[in-house]
$ cat structure_17.txt   # compact mmCIF, C-alpha atoms
# COMPACT_ATOMS: atom_id res chain seq x y z
CA MET Q 1 -76.19 -93.49 -95.99
CA TYR Q 2 -74.69 -91.52 -93.09
CA ILE Q 3 -76.81 -88.50 -92.19
CA ILE Q 4 -76.10 -85.78 -89.63
CA VAL Q 5 -79.14 -83.93 -88.34
CA VAL Q 6 -78.51 -80.70 -86.45
CA GLY Q 7 -81.12 -79.68 -83.88
CA ALA Q 8 -83.13 -82.20 -81.88
CA GLY Q 9 -86.28 -80.15 -81.58
CA LYS Q 10 -89.62 -81.57 -82.71
CA VAL Q 11 -88.53 -81.58 -86.33
CA GLY Q 12 -85.05 -82.98 -85.77
CA TRP Q 13 -86.13 -85.65 -83.31
CA ASN Q 14 -88.92 -86.99 -85.48
CA LEU Q 15 -86.80 -86.78 -88.59
CA THR Q 16 -84.02 -88.75 -86.89
CA ARG Q 17 -86.46 -91.42 -85.77
CA GLU Q 18 -87.85 -91.76 -89.30
CA LEU Q 19 -84.42 -91.93 -90.86
CA LEU Q 20 -83.30 -94.58 -88.38
CA GLU Q 21 -86.40 -96.61 -89.21
CA LYS Q 22 -85.40 -96.42 -92.84
CA GLU Q 23 -82.11 -97.97 -91.72
CA HIS Q 24 -79.87 -95.00 -92.29
CA GLU Q 25 -77.01 -94.28 -89.96
CA VAL Q 26 -77.93 -91.04 -88.19
CA THR Q 27 -76.36 -88.70 -85.65
CA VAL Q 28 -78.39 -85.80 -84.32
CA ILE Q 29 -76.57 -82.95 -82.60
CA GLU Q 30 -78.31 -80.90 -79.90
CA SER Q 31 -76.82 -77.89 -78.11
CA ASN Q 32 -79.33 -77.62 -75.27
CA ARG Q 33 -78.22 -79.88 -72.42
CA ARG Q 34 -81.71 -80.58 -71.07
CA ARG Q 35 -83.13 -81.30 -74.46
CA TYR Q 36 -80.17 -83.55 -75.20
CA LEU Q 37 -80.77 -85.56 -72.04
CA THR Q 38 -84.45 -86.01 -72.91
CA VAL Q 39 -83.78 -87.11 -76.46
CA GLU Q 40 -80.88 -89.31 -75.39
CA GLN Q 41 -83.22 -91.55 -73.41
CA GLU Q 42 -84.73 -92.70 -76.67
CA LEU Q 43 -82.05 -92.19 -79.30
CA GLU Q 44 -79.08 -93.14 -77.08
CA HIS Q 45 -75.80 -93.05 -78.99
CA ASN Q 46 -77.48 -91.51 -82.02
CA VAL Q 47 -77.60 -88.14 -80.32
CA GLN Q 48 -74.56 -86.01 -79.41
CA TYR Q 49 -74.39 -82.95 -77.23
CA GLY Q 50 -72.75 -79.81 -78.59
CA ASP Q 51 -72.99 -76.63 -80.65
CA ALA Q 52 -72.81 -77.76 -84.25
CA SER Q 53 -71.74 -74.36 -85.46
CA GLU Q 54 -68.36 -75.26 -83.93
CA LEU Q 55 -66.21 -77.20 -86.34
CA TRP Q 56 -64.85 -79.70 -83.80
CA VAL Q 57 -68.37 -80.68 -82.81
CA LEU Q 58 -69.17 -81.47 -86.43
CA GLU Q 59 -65.88 -83.35 -86.78
CA ARG Q 60 -66.57 -85.37 -83.64
CA ALA Q 61 -69.87 -86.39 -85.21
CA GLY Q 62 -67.94 -87.62 -88.23
CA ILE Q 63 -68.86 -84.96 -90.76
CA GLN Q 64 -65.94 -85.98 -92.96
CA ARG Q 65 -67.75 -89.16 -93.93
CA ALA Q 66 -71.32 -87.78 -93.90
CA ASP Q 67 -73.37 -88.15 -97.05
CA MET Q 68 -75.96 -85.64 -95.96
CA VAL Q 69 -76.35 -82.84 -93.42
CA ILE Q 70 -79.80 -81.58 -92.44
CA ALA Q 71 -79.85 -78.38 -90.37
CA VAL Q 72 -83.19 -77.92 -88.64
CA THR Q 73 -82.41 -75.73 -85.63
CA GLY Q 74 -84.67 -72.82 -84.75
CA ASP Q 75 -81.95 -70.37 -85.73
CA ASP Q 76 -81.58 -69.42 -89.38
CA GLU Q 77 -78.00 -68.20 -89.08
CA ASP Q 78 -76.98 -71.50 -87.51
CA ASN Q 79 -78.70 -73.48 -90.25
CA MET Q 80 -77.10 -71.36 -92.96
CA LEU Q 81 -73.57 -71.61 -91.64
CA ILE Q 82 -73.73 -75.29 -90.70
CA CYS Q 83 -74.80 -76.07 -94.26
CA GLN Q 84 -72.20 -73.73 -95.74
CA VAL Q 85 -69.38 -75.30 -93.75
CA ALA Q 86 -70.67 -78.82 -94.44
CA ARG Q 87 -70.69 -78.22 -98.16
CA GLU Q 88 -67.66 -76.03 -98.66
CA LYS Q 89 -65.27 -77.23 -95.97
CA TYR Q 90 -66.23 -80.88 -95.57
CA LEU Q 91 -67.54 -81.41 -99.10
CA VAL Q 92 -70.74 -83.08 -97.95
CA GLY Q 93 -72.69 -84.04 -101.06
CA GLN Q 94 -76.16 -83.06 -99.93
CA VAL Q 95 -77.34 -80.43 -97.48
CA ILE Q 96 -80.86 -79.45 -96.52
CA ALA Q 97 -81.65 -76.40 -94.43
CA ARG Q 98 -84.73 -75.36 -92.54
CA VAL Q 99 -85.77 -71.75 -92.98
CA ASN Q 100 -87.54 -70.44 -89.88
CA ASN Q 101 -88.29 -66.95 -91.14
CA PRO Q 102 -89.27 -67.00 -94.83
CA ARG Q 103 -87.73 -63.56 -95.20
CA ASN Q 104 -84.33 -65.14 -94.66
CA ARG Q 105 -84.71 -67.40 -97.67
CA GLU Q 106 -82.85 -64.89 -99.86
CA HIS Q 107 -79.83 -65.14 -97.55
CA PHE Q 108 -79.77 -68.92 -97.87
CA GLU Q 109 -79.85 -68.51 -101.62
CA LEU Q 110 -77.06 -65.96 -101.52
CA LEU Q 111 -74.85 -68.45 -99.69
CA GLY Q 112 -75.79 -71.12 -102.21
CA ILE Q 113 -77.68 -73.29 -99.75
CA ARG Q 114 -80.44 -75.32 -101.27
CA PRO Q 115 -82.77 -76.97 -100.96
CA THR Q 116 -84.40 -75.13 -98.10
CA VAL Q 117 -87.58 -76.10 -96.31
CA SER Q 118 -89.75 -73.58 -94.56
CA ALA Q 119 -92.53 -74.78 -92.30
CA THR Q 120 -94.14 -71.36 -92.45
CA ASP Q 121 -94.25 -71.52 -96.22
CA LEU Q 122 -95.60 -75.05 -96.14
CA ILE Q 123 -98.36 -74.07 -93.75
CA LEU Q 124 -99.23 -71.06 -95.90
CA ARG Q 125 -99.48 -73.33 -98.91
CA LEU Q 126 -101.66 -75.70 -96.95
CA ILE Q 127 -103.96 -72.84 -96.03
CA GLU Q 128 -104.16 -71.85 -99.67
CA HIS Q 129 -105.03 -75.45 -100.49
CA GLU Q 130 -107.67 -75.73 -97.78
CA VAL Q 131 -109.32 -72.40 -98.53
CA PRO Q 132 -110.83 -72.95 -101.97
CA GLU Q 133 -111.86 -69.37 -102.65
CA TYR Q 134 -108.19 -68.47 -102.78
CA GLY Q 135 -108.33 -70.28 -106.12
CA LEU Q 136 -104.70 -70.67 -106.90
CA VAL Q 137 -102.47 -73.18 -105.20
CA HIS Q 138 -98.74 -73.13 -105.43
CA LEU Q 139 -97.69 -76.73 -105.86
CA LEU Q 140 -94.03 -76.53 -106.59
CA ASP Q 141 -91.23 -74.08 -107.07
CA LEU Q 142 -88.49 -75.33 -109.30
CA GLN Q 143 -86.06 -72.63 -108.33
CA GLU Q 144 -83.08 -73.72 -110.31
CA GLU Q 145 -85.21 -74.28 -113.37
CA GLN Q 146 -87.02 -70.97 -112.82
CA LEU Q 147 -90.45 -72.54 -113.08
CA GLU Q 148 -93.51 -72.90 -110.90
CA ILE Q 149 -96.39 -75.30 -111.04
CA ILE Q 150 -99.75 -74.13 -109.76
CA GLU Q 151 -103.21 -75.64 -109.44
CA MET Q 152 -106.46 -73.79 -110.03
CA LEU Q 153 -109.96 -74.95 -109.24
CA LEU Q 154 -112.47 -73.65 -111.78
CA GLY Q 155 -115.47 -72.37 -109.84
CA GLN Q 156 -119.00 -71.38 -110.89
CA ASP Q 157 -117.93 -67.83 -111.59
CA CYS Q 158 -114.81 -68.74 -113.52
CA GLY Q 159 -114.42 -66.88 -116.81
CA VAL Q 160 -112.96 -69.74 -118.83
CA THR Q 161 -115.42 -72.60 -118.30
CA GLY Q 162 -117.24 -73.65 -121.44
CA ARG Q 163 -114.35 -72.46 -123.58
CA ARG Q 164 -111.89 -74.46 -125.66
CA VAL Q 165 -108.33 -74.57 -124.35
CA GLY Q 166 -107.17 -73.59 -127.82
CA ASP Q 167 -109.15 -70.35 -127.58
CA LEU Q 168 -107.61 -69.23 -124.31
CA GLN Q 169 -105.15 -66.39 -124.52
CA MET Q 170 -102.60 -68.00 -122.21
CA PRO Q 171 -99.97 -65.50 -121.07
CA ASP Q 172 -96.49 -65.94 -122.53
CA GLY Q 173 -94.42 -68.20 -120.33
CA SER Q 174 -97.32 -70.32 -119.14
CA LEU Q 175 -98.77 -73.64 -120.21
CA LEU Q 176 -101.71 -75.79 -119.13
CA ILE Q 177 -100.28 -79.22 -118.45
CA SER Q 178 -103.16 -81.23 -117.11
CA VAL Q 179 -106.82 -81.23 -116.15
CA LEU Q 180 -108.24 -83.21 -113.24
CA ARG Q 181 -111.91 -84.02 -113.78
CA ASP Q 182 -114.04 -86.47 -111.78
CA GLY Q 183 -110.93 -87.81 -110.12
CA LYS Q 184 -109.10 -88.48 -113.35
CA GLY Q 185 -106.30 -86.53 -114.90
CA PHE Q 186 -105.57 -85.97 -118.57
CA VAL Q 187 -103.46 -83.74 -120.73
CA PRO Q 188 -105.73 -81.22 -122.43
CA SER Q 189 -105.72 -80.74 -126.17
CA ALA Q 190 -106.70 -77.55 -127.96
CA ASP Q 191 -110.24 -78.97 -128.28
CA THR Q 192 -110.69 -79.73 -124.58
CA VAL Q 193 -113.57 -77.70 -123.19
CA LEU Q 194 -113.06 -76.63 -119.58
CA GLU Q 195 -115.85 -77.36 -117.10
CA VAL Q 196 -116.88 -76.07 -113.71
CA GLY Q 197 -115.15 -78.19 -111.07
CA ASP Q 198 -112.10 -78.92 -113.19
CA GLU Q 199 -108.77 -78.61 -111.46
CA VAL Q 200 -106.16 -77.44 -113.89
CA LEU Q 201 -102.41 -77.55 -113.46
CA ALA Q 202 -100.25 -74.98 -115.16
CA VAL Q 203 -96.51 -74.60 -115.39
CA LEU Q 204 -95.28 -71.03 -115.60
CA ASP Q 205 -92.38 -68.67 -115.32
CA PRO Q 206 -92.16 -67.08 -111.87
CA GLY Q 207 -94.19 -63.90 -111.65
CA LYS Q 208 -96.84 -64.95 -114.15
CA GLU Q 209 -99.36 -65.85 -111.47
CA ASP Q 210 -101.24 -62.61 -111.62
CA ASP Q 211 -101.70 -62.86 -115.38
CA LEU Q 212 -103.13 -66.33 -114.95
CA LYS Q 213 -105.36 -65.22 -112.10
CA ALA Q 214 -106.80 -62.52 -114.33
CA LEU Q 215 -107.44 -64.96 -117.15
CA PHE Q 216 -109.04 -67.66 -114.99
CA GLY Q 217 -110.91 -65.22 -112.76
CA PRO Q 218 -114.67 -64.67 -112.66
CA ALA Q 219 -116.15 -63.20 -115.81
CA GLY Q 220 -116.67 -59.50 -115.25
CA ASN Q 221 -114.05 -58.48 -112.70
CA GLY Q 222 -111.12 -60.38 -114.09
CA ALA Q 223 -109.79 -61.67 -110.78
CA LEU Q 224 -109.97 -65.06 -109.21
CA GLY Q 225 -111.79 -64.97 -105.88
CA ASN Q 226 -111.20 -62.31 -103.31
CA GLY Q 227 -108.01 -63.67 -101.81
CA GLY Q 228 -109.86 -65.23 -98.87
CA MET R 229 -65.03 -43.06 -96.34
CA PHE R 230 -68.54 -44.24 -95.39
CA ILE R 231 -68.31 -46.90 -92.71
CA LEU R 232 -71.24 -49.10 -91.64
CA ILE R 233 -70.88 -50.81 -88.29
CA VAL R 234 -73.39 -53.51 -87.37
CA GLY R 235 -73.37 -54.35 -83.69
CA CYS R 236 -72.72 -51.41 -81.45
CA GLY R 237 -71.39 -53.05 -78.30
CA ARG R 238 -68.13 -52.16 -76.59
CA VAL R 239 -66.10 -52.95 -79.69
CA GLY R 240 -68.44 -51.51 -82.31
CA SER R 241 -69.12 -48.27 -80.46
CA SER R 242 -65.45 -47.68 -79.79
CA VAL R 243 -64.47 -48.18 -83.40
CA ALA R 244 -67.40 -45.97 -84.44
CA ARG R 245 -66.23 -43.07 -82.26
CA SER R 246 -62.63 -43.32 -83.46
CA MET R 247 -63.63 -43.41 -87.10
CA LEU R 248 -65.97 -40.44 -86.69
CA ARG R 249 -63.23 -38.49 -84.93
CA GLU R 250 -60.90 -39.24 -87.83
CA GLY R 251 -63.40 -37.55 -90.13
CA HIS R 252 -65.17 -40.52 -91.69
CA GLU R 253 -68.91 -40.85 -92.18
CA VAL R 254 -70.10 -43.46 -89.71
CA SER R 255 -73.41 -45.30 -89.57
CA CYS R 256 -74.26 -47.76 -86.79
CA LEU R 257 -76.92 -50.46 -86.82
CA ASP R 258 -77.97 -52.25 -83.65
CA GLU R 259 -81.05 -54.15 -82.49
CA ASP R 260 -80.96 -52.47 -79.11
CA PRO R 261 -81.97 -48.78 -79.04
CA GLU R 262 -80.06 -48.47 -75.74
CA SER R 263 -76.76 -49.01 -77.50
CA HIS R 264 -77.09 -45.46 -78.80
CA ALA R 265 -76.22 -44.31 -75.28
CA ARG R 266 -73.04 -46.37 -75.28
CA LEU R 267 -72.08 -44.68 -78.51
CA GLU R 268 -72.19 -41.27 -76.84
CA VAL R 269 -70.00 -42.18 -73.87
CA GLY R 270 -67.30 -39.54 -73.56
CA LEU R 271 -68.63 -37.42 -76.41
CA GLU R 272 -69.15 -33.72 -75.86
CA LYS R 273 -72.15 -33.54 -78.20
CA SER R 274 -74.78 -36.03 -79.33
CA TRP R 275 -73.80 -38.69 -81.86
CA GLU R 276 -76.06 -37.13 -84.49
CA ASP R 277 -74.78 -33.60 -83.86
CA LEU R 278 -71.30 -34.87 -84.55
CA GLY R 279 -72.51 -36.23 -87.87
CA GLY R 280 -73.04 -39.86 -86.93
CA GLN R 281 -75.95 -42.00 -88.03
CA PHE R 282 -77.75 -44.60 -85.90
CA THR R 283 -80.39 -47.10 -87.00
CA VAL R 284 -82.28 -49.59 -84.87
CA GLY R 285 -82.67 -52.96 -86.53
CA ALA R 286 -81.26 -56.44 -87.02
CA GLY R 287 -78.28 -57.02 -89.28
CA LEU R 288 -80.06 -59.81 -91.09
CA GLU R 289 -82.95 -57.57 -92.13
CA THR R 290 -82.41 -56.27 -95.61
CA ASP R 291 -84.56 -53.21 -94.90
CA ALA R 292 -82.45 -52.27 -91.89
CA LEU R 293 -79.18 -52.67 -93.79
CA VAL R 294 -80.46 -50.46 -96.58
CA ALA R 295 -81.77 -47.85 -94.13
CA ALA R 296 -78.35 -47.79 -92.49
CA GLY R 297 -76.81 -47.08 -95.88
CA ILE R 298 -75.18 -50.33 -96.96
CA ASP R 299 -75.60 -49.34 -100.60
CA GLN R 300 -73.06 -46.55 -100.29
CA ALA R 301 -70.77 -48.16 -97.71
CA ASP R 302 -67.04 -48.25 -98.44
CA ALA R 303 -66.38 -50.35 -95.36
CA PHE R 304 -68.54 -52.77 -93.40
CA ILE R 305 -67.77 -54.02 -89.91
CA ALA R 306 -69.73 -56.94 -88.44
CA SER R 307 -69.28 -56.68 -84.69
CA THR R 308 -72.45 -58.06 -83.12
CA ASP R 309 -72.13 -60.44 -80.17
CA GLY R 310 -72.95 -63.43 -82.35
CA ASP R 311 -70.33 -65.17 -84.48
CA ASN R 312 -72.95 -66.66 -86.74
CA THR R 313 -74.65 -63.34 -87.34
CA ASN R 314 -71.32 -61.69 -88.12
CA ILE R 315 -70.30 -64.36 -90.61
CA VAL R 316 -73.64 -64.25 -92.41
CA ILE R 317 -73.96 -60.47 -92.64
CA ALA R 318 -70.32 -60.07 -93.69
CA GLN R 319 -71.00 -62.39 -96.59
CA ILE R 320 -74.18 -60.50 -97.45
CA ALA R 321 -72.24 -57.24 -97.50
CA GLN R 322 -69.56 -58.80 -99.66
CA ARG R 323 -71.63 -60.76 -102.12
CA ARG R 324 -74.86 -58.83 -102.46
CA TYR R 325 -73.80 -55.26 -101.83
CA ARG R 326 -70.22 -55.55 -103.05
CA VAL R 327 -68.87 -53.46 -100.18
CA PRO R 328 -65.13 -53.08 -100.92
CA THR R 329 -63.87 -53.60 -97.35
CA VAL R 330 -65.68 -56.10 -95.15
CA ILE R 331 -64.43 -57.15 -91.73
CA ALA R 332 -66.08 -59.63 -89.38
CA ARG R 333 -65.36 -60.20 -85.72
CA ILE R 334 -65.40 -63.93 -85.03
CA LEU R 335 -64.69 -65.22 -81.54
CA ASP R 336 -64.31 -68.87 -82.51
CA PRO R 337 -60.66 -69.25 -83.70
CA LEU R 338 -61.30 -72.35 -85.81
CA ARG R 339 -64.02 -70.74 -87.85
CA ALA R 340 -62.25 -67.39 -88.01
CA GLU R 341 -59.33 -69.17 -89.62
CA TRP R 342 -61.46 -71.08 -92.10
CA TYR R 343 -63.55 -68.09 -93.17
CA GLN R 344 -60.40 -66.01 -93.49
CA ARG R 345 -59.21 -68.56 -96.03
CA GLN R 346 -62.57 -68.30 -97.80
CA GLY R 347 -61.97 -64.62 -98.37
CA VAL R 348 -63.81 -63.07 -95.43
CA HIS R 349 -61.54 -60.69 -93.57
CA THR R 350 -61.86 -61.85 -89.97
CA ILE R 351 -60.63 -60.47 -86.66
CA CYS R 352 -60.51 -63.04 -83.89
CA PRO R 353 -60.14 -61.50 -80.40
CA THR R 354 -59.82 -64.99 -78.90
CA ARG R 355 -56.84 -65.71 -81.12
CA VAL R 356 -55.26 -62.42 -80.12
CA ALA R 357 -55.77 -63.25 -76.43
CA ILE R 358 -54.33 -66.74 -76.87
CA ASP R 359 -51.24 -65.42 -78.62
CA MET R 360 -50.69 -62.69 -76.06
CA LEU R 361 -51.13 -65.07 -73.14
CA GLU R 362 -48.78 -67.59 -74.63
CA SER R 363 -46.05 -65.07 -75.29
CA ALA R 364 -46.55 -63.51 -71.84
CA VAL R 365 -46.02 -66.93 -70.28
CA ARG R 366 -42.97 -67.60 -72.43
CA GLU R 367 -41.43 -64.25 -71.60
CA GLY R 368 -42.21 -64.68 -67.93
CA ALA R 369 -40.93 -68.22 -67.58
CA PRO R 370 -37.15 -67.68 -67.96
CA ARG R 371 -37.12 -64.97 -65.28
CA GLU R 372 -38.85 -67.38 -62.90
CA ALA R 373 -36.27 -70.02 -63.77
CA ALA R 374 -33.38 -67.65 -63.36
$ encode --input "structure_17.txt" --output "structure tokens"
Amino acid sequence: MYIIVVGAGKVGWNLTRELLEKEHEVTVIESNRRRYLTVEQELEHNVQYGDASELWVLERAGIQRADMVIAVTGDDEDNMLICQVAREKYLVGQVIARVNNPRNREHFELLGIRPTVSATDLILRLIEHEVPEYGLVHLLDLQEEQLEIIEMLLGQDCGVTGRRVGDLQMPDGSLLISVLRDGKGFVPSADTVLEVGDEVLAVLDPGKEDDLKALFGPAGNGALGNGG
Amino acid sequence: MFILIVGCGRVGSSVARSMLREGHEVSCLDEDPESHARLEVGLEKSWEDLGGQFTVGAGLETDALVAAGIDQADAFIASTDGDNTNIVIAQIAQRRYRVPTVIARILDPLRAEWYQRQGVHTICPTRVAIDMLESAVREGAPREAA
């Protein structure tokens, strides 16, 4: 596969190295001369110098035959437009864009650029995962399918432990899909009784998180944890 | 007509003044509060006293665009100093806010041409300069030869 990576910062450089190790053909484009010269010492002919938002720079890198373009510069506008041009002008089959400011994600969507990867979002998710009292971990957004998958750890104060799954009033548009207990996962039946320490996975329509939080929250106040 | 101009440099501020003088409602959005001063160059009263609107903010921020009145804009001009910003915000104005007239200033002739074909109305000052220079040379050359 021929892959063009735009931006040889930490992300782009490491990504290029990994992709080369996986025996892909890769060109990384870097617009900062000094950075280019640094990276070039290791990547040699796999790195090109230039501003990839200019069409001729992309063409020089062989975008016409690229199977994938990954834009990971520190500038959201650049990433958006490089992906837009790659897809719409050069008909590149697969584009991936890095979102630096999560607030710009809506603009990427407006221009039809997906998937997008946001380090800030990933780190936020990681924090949610590492801070148990937050209670609810966002595992996956299936944007095109309009679904989310979340994980909840049932604590001591959780309102649903000791109850049958079949007795839970699950909000419309949500479904318990698996329970992890003692390191093993299984699909719950209506007769499964939830226990303290269970990790449950639920699939849900976007926006149903709060309903689920209320249901799985501590008995009494109806909310899960205090948000850390 | 309500005209929103994002990017109030030499080009944006000049267009803003002309449009206001012609009796249009004009709103300017710029990241740099100082650009308000450029707007008032040669004006007898302050920009606001003459009916103009000025908002400080980035063109990519939805909140700033809304505060500057993009919802009621009849025309949208993207004239910041960045090609990429102009192309992105012009498409936002067109696709999300359905502004009837959207014009983007793009310095890079190759991209100006391609986006023009994609339905973004582009003005390319570089192209204009190239054409003018070329015809100036052509017109000048025969006289030299003669």
$ interface_residues --input "structure_17.txt" --of "chain Q" --to "chain R" --cutoff "10 Å" --atoms "all atoms listed in the file" --output "number ranges by chain"
Q: 53-56, 75-82, 85, 88-89, 103-104, 106-108, 110-111
$ residues_around --input "structure_17.txt" --residues "Leu248 in chain R" --least-positions-apart "3" --cutoff "12 Å" --atoms "all atoms listed in the file" --output "list of chain:residue names"
R:Met229, R:Phe230, R:Ile231, R:Leu232, R:Ile233, R:Ser241, R:Ser242, R:Val243, R:Ala244, R:Arg245, R:Gly251, R:His252, R:Glu253, R:Val254, R:Ser255, R:Cys256, R:Leu267, R:Glu268, R:Leu271, R:Trp275, R:Glu276, R:Asp277, R:Leu278, R:Gly279, R:Gly280, R:Gln281
$ residues_around --input "structure_17.txt" --residues "Tyr325 in chain R" --least-positions-apart "4" --cutoff "8 Å" --atoms "all atoms listed in the file" --output "VMD selection string"
chain R and resid 298 to 299 320 to 321
$ closest_residue --input "structure_17.txt" --among "Q:Leu58, Q:Leu194, Q:Met1, Q:Val187" --to "Val160 in chain Q" --atoms "all atoms listed in the file"
Q:Leu194
$ closest_residue --input "structure_17.txt" --among "Q:Ala8, Q:Glu25, Q:Glu44, Q:Leu19" --to "Val72 in chain Q" --atoms "all atoms listed in the file"
Q:Ala8
$ atom_distance --input "structure_17.txt" --atom1 "CA of Gln300 in chain R" --atom2 "CA of Asp260 in chain R"
23.4 Å
$ residues_around --input "structure_17.txt" --residues "Thr192 in chain Q" --least-positions-apart "4" --cutoff "10 Å" --atoms "all atoms listed in the file" --output "list in words"
Gly162, Arg163, Arg164, Val165, Gly166, Asp167, Val179, Val187 and Pro188 of chain Q
$ decode --input "structure_17.txt" --residues "range 158-177 of chain Q" --atoms "N, CA and C atoms" --output "CSV table (one decimal), in the first residue's frame"
chain,number,residue,atom,x,y,z
Q,158,CYS,N,-23.6,1.3,43.9
Q,158,CYS,CA,-24.4,1.3,42.6
Q,158,CYS,C,-25.8,0.8,42.9
Q,159,GLY,N,-26.7,1.4,42.3
Q,159,GLY,CA,-28.2,1.1,42.5
Q,159,GLY,C,-28.7,-0.2,41.9
Q,160,VAL,N,-27.9,-0.8,41.0
Q,160,VAL,CA,-28.5,-1.9,40.3
Q,160,VAL,C,-27.9,-3.3,40.7
Q,161,THR,N,-26.9,-3.2,41.6
Q,161,THR,CA,-26.3,-4.5,42.0
Q,161,THR,C,-27.3,-5.3,42.8
Q,162,GLY,N,-27.3,-6.6,42.6
Q,162,GLY,CA,-28.2,-7.5,43.3
Q,162,GLY,C,-29.6,-7.6,42.5
Q,163,ARG,N,-29.7,-6.9,41.4
Q,163,ARG,CA,-30.9,-7.0,40.7
Q,163,ARG,C,-30.8,-7.8,39.4
Q,164,ARG,N,-31.9,-8.3,38.9
Q,164,ARG,CA,-31.9,-9.1,37.7
Q,164,ARG,C,-31.8,-8.1,36.5
Q,165,VAL,N,-31.1,-8.5,35.5
Q,165,VAL,CA,-31.0,-7.6,34.3
Q,165,VAL,C,-32.4,-7.4,33.7
Q,166,GLY,N,-33.2,-8.5,33.8
Q,166,GLY,CA,-34.6,-8.4,33.2
Q,166,GLY,C,-35.5,-7.4,34.0
Q,167,ASP,N,-35.1,-7.0,35.2
Q,167,ASP,CA,-35.9,-6.1,36.0
Q,167,ASP,C,-35.5,-4.7,35.8
Q,168,LEU,N,-34.3,-4.5,35.1
Q,168,LEU,CA,-33.9,-3.1,34.9
Q,168,LEU,C,-34.7,-2.4,33.9
Q,169,GLN,N,-35.0,-1.1,34.2
Q,169,GLN,CA,-35.8,-0.3,33.3
Q,169,GLN,C,-34.8,0.4,32.4
Q,170,MET,N,-34.2,-0.4,31.4
Q,170,MET,CA,-33.2,0.3,30.5
Q,170,MET,C,-33.9,1.3,29.7
Q,171,PRO,N,-33.2,2.5,29.5
Q,171,PRO,CA,-33.8,3.5,28.7
Q,171,PRO,C,-33.9,3.1,27.3
Q,172,ASP,N,-34.9,3.6,26.6
Q,172,ASP,CA,-35.1,3.3,25.2
Q,172,ASP,C,-33.8,3.6,24.4
Q,173,GLY,N,-33.4,2.8,23.5
Q,173,GLY,CA,-32.2,3.1,22.7
Q,173,GLY,C,-31.0,2.7,23.4
Q,174,SER,N,-31.1,1.8,24.4
Q,174,SER,CA,-29.9,1.3,25.0
Q,174,SER,C,-30.0,-0.2,25.3
Q,175,LEU,N,-28.9,-0.9,25.4
Q,175,LEU,CA,-28.9,-2.3,25.5
Q,175,LEU,C,-27.6,-2.8,26.2
Q,176,LEU,N,-27.8,-3.6,27.2
Q,176,LEU,CA,-26.6,-4.2,27.9
Q,176,LEU,C,-26.1,-5.3,27.0
Q,177,ILE,N,-24.8,-5.2,26.6
Q,177,ILE,CA,-24.3,-6.3,25.6
Q,177,ILE,C,-23.4,-7.3,26.3
